[in-house]
$ cat model-v2.txt   # compact mmCIF, C-alpha atoms
# COMPACT_ATOMS: atom_id res chain seq x y z
CA LYS A 1 0.00 0.00 0.00
CA ASP A 2 2.75 2.45 0.91
CA VAL A 3 4.62 1.93 -2.37
CA LEU A 4 1.58 1.76 -4.64
CA ARG A 5 -0.41 4.66 -3.20
CA ASP A 6 2.18 6.87 -1.52
CA GLN A 7 5.32 6.48 -3.63
CA TRP A 8 3.84 5.72 -7.07
CA ARG A 9 0.67 7.81 -6.53
CA PHE A 10 -1.56 5.05 -7.96
CA LYS A 11 -5.19 6.22 -7.90
CA GLY A 12 -6.93 3.12 -9.28
CA ILE A 13 -8.59 0.10 -7.70
CA THR A 14 -6.78 -2.91 -6.27
CA VAL A 15 -8.62 -6.22 -6.49
CA SER A 16 -7.54 -9.51 -4.95
CA ASP A 17 -7.00 -12.51 -7.17
CA HIS A 18 -9.61 -15.29 -7.06
CA GLY A 19 -9.48 -16.80 -3.57
CA ALA A 20 -6.34 -14.88 -2.59
CA ILE A 21 -7.77 -13.56 0.67
CA LYS A 22 -8.52 -17.10 1.85
CA GLU A 23 -4.96 -18.05 0.90
CA LEU A 24 -3.62 -15.58 3.48
CA ILE A 25 -4.62 -18.14 6.13
CA LYS A 26 -3.04 -21.09 4.33
CA HIS A 27 0.23 -19.20 3.92
CA GLY A 28 0.35 -18.05 7.55
CA THR A 29 -0.18 -14.35 6.87
CA ALA A 30 -3.53 -14.34 8.70
CA SER A 31 -4.78 -16.47 11.58
CA ASP A 32 -8.43 -16.85 10.52
CA PRO A 33 -10.95 -15.50 7.95
CA GLU A 34 -11.64 -12.32 9.91
CA ASP A 35 -7.94 -11.62 10.26
CA ALA A 36 -7.45 -12.29 6.53
CA VAL A 37 -9.98 -9.57 5.70
CA ARG A 38 -8.31 -7.14 8.10
CA VAL A 39 -4.86 -7.86 6.66
CA ALA A 40 -6.09 -7.55 3.07
CA LEU A 41 -7.84 -4.23 3.61
CA LYS A 42 -4.99 -2.70 5.59
CA SER A 43 -2.57 -3.88 2.88
CA GLY A 44 -4.51 -1.91 0.30
CA ILE A 45 -6.90 -4.42 -1.28
CA ASN A 46 -10.00 -2.37 -2.13
CA MET A 47 -12.17 -5.22 -3.39
CA SER A 48 -12.27 -9.00 -3.15
CA MET A 49 -12.62 -10.62 -6.57
CA SER A 50 -14.57 -13.71 -5.63
CA ASP A 51 -14.71 -14.85 -2.05
CA GLU A 52 -17.37 -13.87 0.43
CA TYR A 53 -15.01 -12.92 3.25
CA TYR A 54 -15.26 -9.13 2.83
CA SER A 55 -19.05 -9.14 3.08
CA MET A 56 -19.06 -11.67 5.93
CA TYR A 57 -16.41 -10.16 8.18
CA MET A 58 -16.09 -6.46 7.38
CA PRO A 59 -19.15 -5.35 9.42
CA GLY A 60 -17.80 -7.03 12.56
CA LEU A 61 -14.30 -5.68 12.01
CA ASN A 62 -15.72 -2.19 11.73
CA LYS A 63 -17.96 -2.60 14.77
CA SER A 64 -15.03 -3.85 16.87
CA GLY A 65 -12.81 -0.99 15.70
CA LYS A 66 -10.25 -3.28 14.05
CA VAL A 67 -11.10 -1.55 10.75
CA THR A 68 -12.09 2.09 10.98
CA MET A 69 -14.73 3.88 8.95
CA GLU A 70 -11.94 6.06 7.57
CA GLU A 71 -10.18 2.93 6.24
CA LEU A 72 -13.42 1.68 4.69
CA ASP A 73 -14.08 5.07 3.12
CA ASP A 74 -10.58 5.13 1.68
CA ALA A 75 -10.93 1.62 0.23
CA THR A 76 -14.34 2.25 -1.32
CA ARG A 77 -13.29 5.61 -2.72
CA HIS A 78 -11.24 3.76 -5.34
CA VAL A 79 -14.05 1.42 -6.40
$ encode --input "model-v2.txt" --output "structure tokens"
Amino acid sequence: KDVLRDQWRFKGITVSDHGAIKELIKHGTASDPEDAVRVALKSGINMSMSDEYYSMYMPGLNKSGKVTMEELDDATRHV
């Protein structure tokens, strides 16, 4: 996110590859589905291509404060 948005000034959308957010768990980058969504969003992924994790877990992440409304606004601004 820092390189793409801050250094290169990329203004477009970033979309995960098919099933890539689920793969964050398999590869040890995230501990569970909710954590995978948090990691993906905070890494700069604006939209999930195919899995249901964003719609399933994002409301709870926002409610718990693990993902702020400002972060959600920033992600959706590019979509």
$ atom_distance --input "model-v2.txt" --atom1 "atom CA of Val3 of chain A" --atom2 "atom CA of Asp35 of chain A"
22.4 Å
$ closest_residue --input "model-v2.txt" --among "A:Ala30, A:Val37, A:Val79, A:Ala20" --to "Ser50 of chain A" --atoms "all atoms listed in the file"
A:Ala20
$ residues_around --input "model-v2.txt" --residues "Asp17 of chain A" --least-positions-apart "5" --cutoff "12 Å" --atoms "all atoms listed in the file" --output "mmCIF file with C-alpha atoms, in the coordinates of the input"
data_model
loop_
_atom_site.group_PDB
_atom_site.id
_atom_site.type_symbol
_atom_site.label_atom_id
_atom_site.label_comp_id
_atom_site.auth_asym_id
_atom_site.auth_seq_id
_atom_site.Cartn_x
_atom_site.Cartn_y
_atom_site.Cartn_z
ATOM 1 C CA LYS A 22 -8.520 -17.100 1.850
ATOM 2 C CA GLU A 23 -4.960 -18.050 0.900
ATOM 3 C CA LEU A 24 -3.620 -15.580 3.480
ATOM 4 C CA ALA A 40 -6.090 -7.550 3.070
ATOM 5 C CA ILE A 45 -6.900 -4.420 -1.280
ATOM 6 C CA ASN A 46 -10.000 -2.370 -2.130
ATOM 7 C CA MET A 47 -12.170 -5.220 -3.390
ATOM 8 C CA SER A 48 -12.270 -9.000 -3.150
ATOM 9 C CA MET A 49 -12.620 -10.620 -6.570
ATOM 10 C CA SER A 50 -14.570 -13.710 -5.630
ATOM 11 C CA ASP A 51 -14.710 -14.850 -2.050
#
$ atom_distance --input "model-v2.txt" --atom1 "atom CA of Arg5 of chain A" --atom2 "atom CA of Glu71 of chain A"
13.7 Å
$ residues_near_point --input "model-v2.txt" --point "(-16.8, 1.4, 7.2)" --cutoff "9 Å" --atoms "only C-alpha atoms" --output "list in words"
Met58, Pro59, Leu61, Asn62, Lys63, Val67, Thr68, Met69, Glu70, Glu71, Leu72, Asp73 and Thr76 of chain A
$ atom_distance --input "model-v2.txt" --atom1 "atom CA of Leu4 of chain A" --atom2 "atom CA of Ile21 of chain A"
18.7 Å
$ closest_residue --input "model-v2.txt" --among "A:Arg9, A:Lys26, A:Lys42, A:His18" --to "Asp74 of chain A" --atoms "only C-alpha atoms"
A:Lys42
$ axis_aligned_box --input "model-v2.txt" --around "segment 20-23 of chain A" --padding-each-side "3 Å" --output "AutoDock Vina command-line options"
--center_x -6.7 --center_y -15.8 --center_z -0.4 --size_x 9.6 --size_y 10.5 --size_z 10.4
$ decode --input "model-v2.txt" --residues "chain A" --atoms "C-alpha atoms" --output "PDB file, in the first residue's frame"
ATOM      1  CA  LYS A   1       0.000   0.000   0.000  1.00  0.00           C
ATOM      2  CA  ASP A   2       2.754   2.454   0.911  1.00  0.00           C
ATOM      3  CA  VAL A   3       4.618   1.934  -2.365  1.00  0.00           C
ATOM      4  CA  LEU A   4       1.582   1.759  -4.643  1.00  0.00           C
ATOM      5  CA  ARG A   5      -0.414   4.657  -3.198  1.00  0.00           C
ATOM      6  CA  ASP A   6       2.180   6.873  -1.518  1.00  0.00           C
ATOM      7  CA  GLN A   7       5.319   6.484  -3.629  1.00  0.00           C
ATOM      8  CA  TRP A   8       3.839   5.722  -7.066  1.00  0.00           C
ATOM      9  CA  ARG A   9       0.670   7.812  -6.530  1.00  0.00           C
ATOM     10  CA  PHE A  10      -1.557   5.047  -7.963  1.00  0.00           C
ATOM     11  CA  LYS A  11      -5.192   6.216  -7.903  1.00  0.00           C
ATOM     12  CA  GLY A  12      -6.933   3.117  -9.283  1.00  0.00           C
ATOM     13  CA  ILE A  13      -8.593   0.098  -7.698  1.00  0.00           C
ATOM     14  CA  THR A  14      -6.782  -2.905  -6.271  1.00  0.00           C
ATOM     15  CA  VAL A  15      -8.616  -6.224  -6.488  1.00  0.00           C
ATOM     16  CA  SER A  16      -7.543  -9.510  -4.946  1.00  0.00           C
ATOM     17  CA  ASP A  17      -6.997 -12.515  -7.166  1.00  0.00           C
ATOM     18  CA  HIS A  18      -9.607 -15.288  -7.062  1.00  0.00           C
ATOM     19  CA  GLY A  19      -9.483 -16.798  -3.567  1.00  0.00           C
ATOM     20  CA  ALA A  20      -6.345 -14.881  -2.588  1.00  0.00           C
ATOM     21  CA  ILE A  21      -7.768 -13.556   0.675  1.00  0.00           C
ATOM     22  CA  LYS A  22      -8.523 -17.101   1.853  1.00  0.00           C
ATOM     23  CA  GLU A  23      -4.962 -18.052   0.902  1.00  0.00           C
ATOM     24  CA  LEU A  24      -3.621 -15.579   3.479  1.00  0.00           C
ATOM     25  CA  ILE A  25      -4.619 -18.141   6.131  1.00  0.00           C
ATOM     26  CA  LYS A  26      -3.040 -21.088   4.326  1.00  0.00           C
ATOM     27  CA  HIS A  27       0.232 -19.201   3.920  1.00  0.00           C
ATOM     28  CA  GLY A  28       0.348 -18.055   7.549  1.00  0.00           C
ATOM     29  CA  THR A  29      -0.179 -14.353   6.874  1.00  0.00           C
ATOM     30  CA  ALA A  30      -3.533 -14.343   8.703  1.00  0.00           C
ATOM     31  CA  SER A  31      -4.782 -16.473  11.579  1.00  0.00           C
ATOM     32  CA  ASP A  32      -8.425 -16.850  10.518  1.00  0.00           C
ATOM     33  CA  PRO A  33     -10.949 -15.504   7.953  1.00  0.00           C
ATOM     34  CA  GLU A  34     -11.638 -12.321   9.907  1.00  0.00           C
ATOM     35  CA  ASP A  35      -7.937 -11.620  10.264  1.00  0.00           C
ATOM     36  CA  ALA A  36      -7.451 -12.286   6.531  1.00  0.00           C
ATOM     37  CA  VAL A  37      -9.977  -9.572   5.698  1.00  0.00           C
ATOM     38  CA  ARG A  38      -8.307  -7.142   8.097  1.00  0.00           C
ATOM     39  CA  VAL A  39      -4.858  -7.865   6.664  1.00  0.00           C
ATOM     40  CA  ALA A  40      -6.086  -7.555   3.065  1.00  0.00           C
ATOM     41  CA  LEU A  41      -7.844  -4.234   3.610  1.00  0.00           C
ATOM     42  CA  LYS A  42      -4.986  -2.702   5.593  1.00  0.00           C
ATOM     43  CA  SER A  43      -2.568  -3.877   2.878  1.00  0.00           C
ATOM     44  CA  GLY A  44      -4.507  -1.913   0.302  1.00  0.00           C
ATOM     45  CA  ILE A  45      -6.896  -4.416  -1.280  1.00  0.00           C
ATOM     46  CA  ASN A  46     -10.003  -2.372  -2.126  1.00  0.00           C
ATOM     47  CA  MET A  47     -12.174  -5.223  -3.386  1.00  0.00           C
ATOM     48  CA  SER A  48     -12.266  -8.998  -3.148  1.00  0.00           C
ATOM     49  CA  MET A  49     -12.621 -10.616  -6.568  1.00  0.00           C
ATOM     50  CA  SER A  50     -14.566 -13.707  -5.634  1.00  0.00           C
ATOM     51  CA  ASP A  51     -14.712 -14.849  -2.054  1.00  0.00           C
ATOM     52  CA  GLU A  52     -17.367 -13.866   0.430  1.00  0.00           C
ATOM     53  CA  TYR A  53     -15.015 -12.916   3.249  1.00  0.00           C
ATOM     54  CA  TYR A  54     -15.257  -9.132   2.831  1.00  0.00           C
ATOM     55  CA  SER A  55     -19.047  -9.140   3.081  1.00  0.00           C
ATOM     56  CA  MET A  56     -19.061 -11.668   5.929  1.00  0.00           C
ATOM     57  CA  TYR A  57     -16.407 -10.162   8.180  1.00  0.00           C
ATOM     58  CA  MET A  58     -16.088  -6.462   7.377  1.00  0.00           C
ATOM     59  CA  PRO A  59     -19.146  -5.346   9.420  1.00  0.00           C
ATOM     60  CA  GLY A  60     -17.802  -7.033  12.555  1.00  0.00           C
ATOM     61  CA  LEU A  61     -14.299  -5.682  12.009  1.00  0.00           C
ATOM     62  CA  ASN A  62     -15.717  -2.191  11.731  1.00  0.00           C
ATOM     63  CA  LYS A  63     -17.959  -2.604  14.769  1.00  0.00           C
ATOM     64  CA  SER A  64     -15.030  -3.853  16.868  1.00  0.00           C
ATOM     65  CA  GLY A  65     -12.812  -0.992  15.704  1.00  0.00           C
ATOM     66  CA  LYS A  66     -10.247  -3.277  14.045  1.00  0.00           C
ATOM     67  CA  VAL A  67     -11.099  -1.554  10.749  1.00  0.00           C
ATOM     68  CA  THR A  68     -12.092   2.088  10.979  1.00  0.00           C
ATOM     69  CA  MET A  69     -14.734   3.878   8.952  1.00  0.00           C
ATOM     70  CA  GLU A  70     -11.944   6.057   7.567  1.00  0.00           C
ATOM     71  CA  GLU A  71     -10.175   2.933   6.243  1.00  0.00           C
ATOM     72  CA  LEU A  72     -13.423   1.682   4.690  1.00  0.00           C
ATOM     73  CA  ASP A  73     -14.085   5.070   3.116  1.00  0.00           C
ATOM     74  CA  ASP A  74     -10.577   5.130   1.683  1.00  0.00           C
ATOM     75  CA  ALA A  75     -10.931   1.616   0.229  1.00  0.00           C
ATOM     76  CA  THR A  76     -14.335   2.246  -1.322  1.00  0.00           C
ATOM     77  CA  ARG A  77     -13.289   5.613  -2.719  1.00  0.00           C
ATOM     78  CA  HIS A  78     -11.240   3.765  -5.343  1.00  0.00           C
ATOM     79  CA  VAL A  79     -14.052   1.419  -6.401  1.00  0.00           C
TER      80      VAL A  79
END
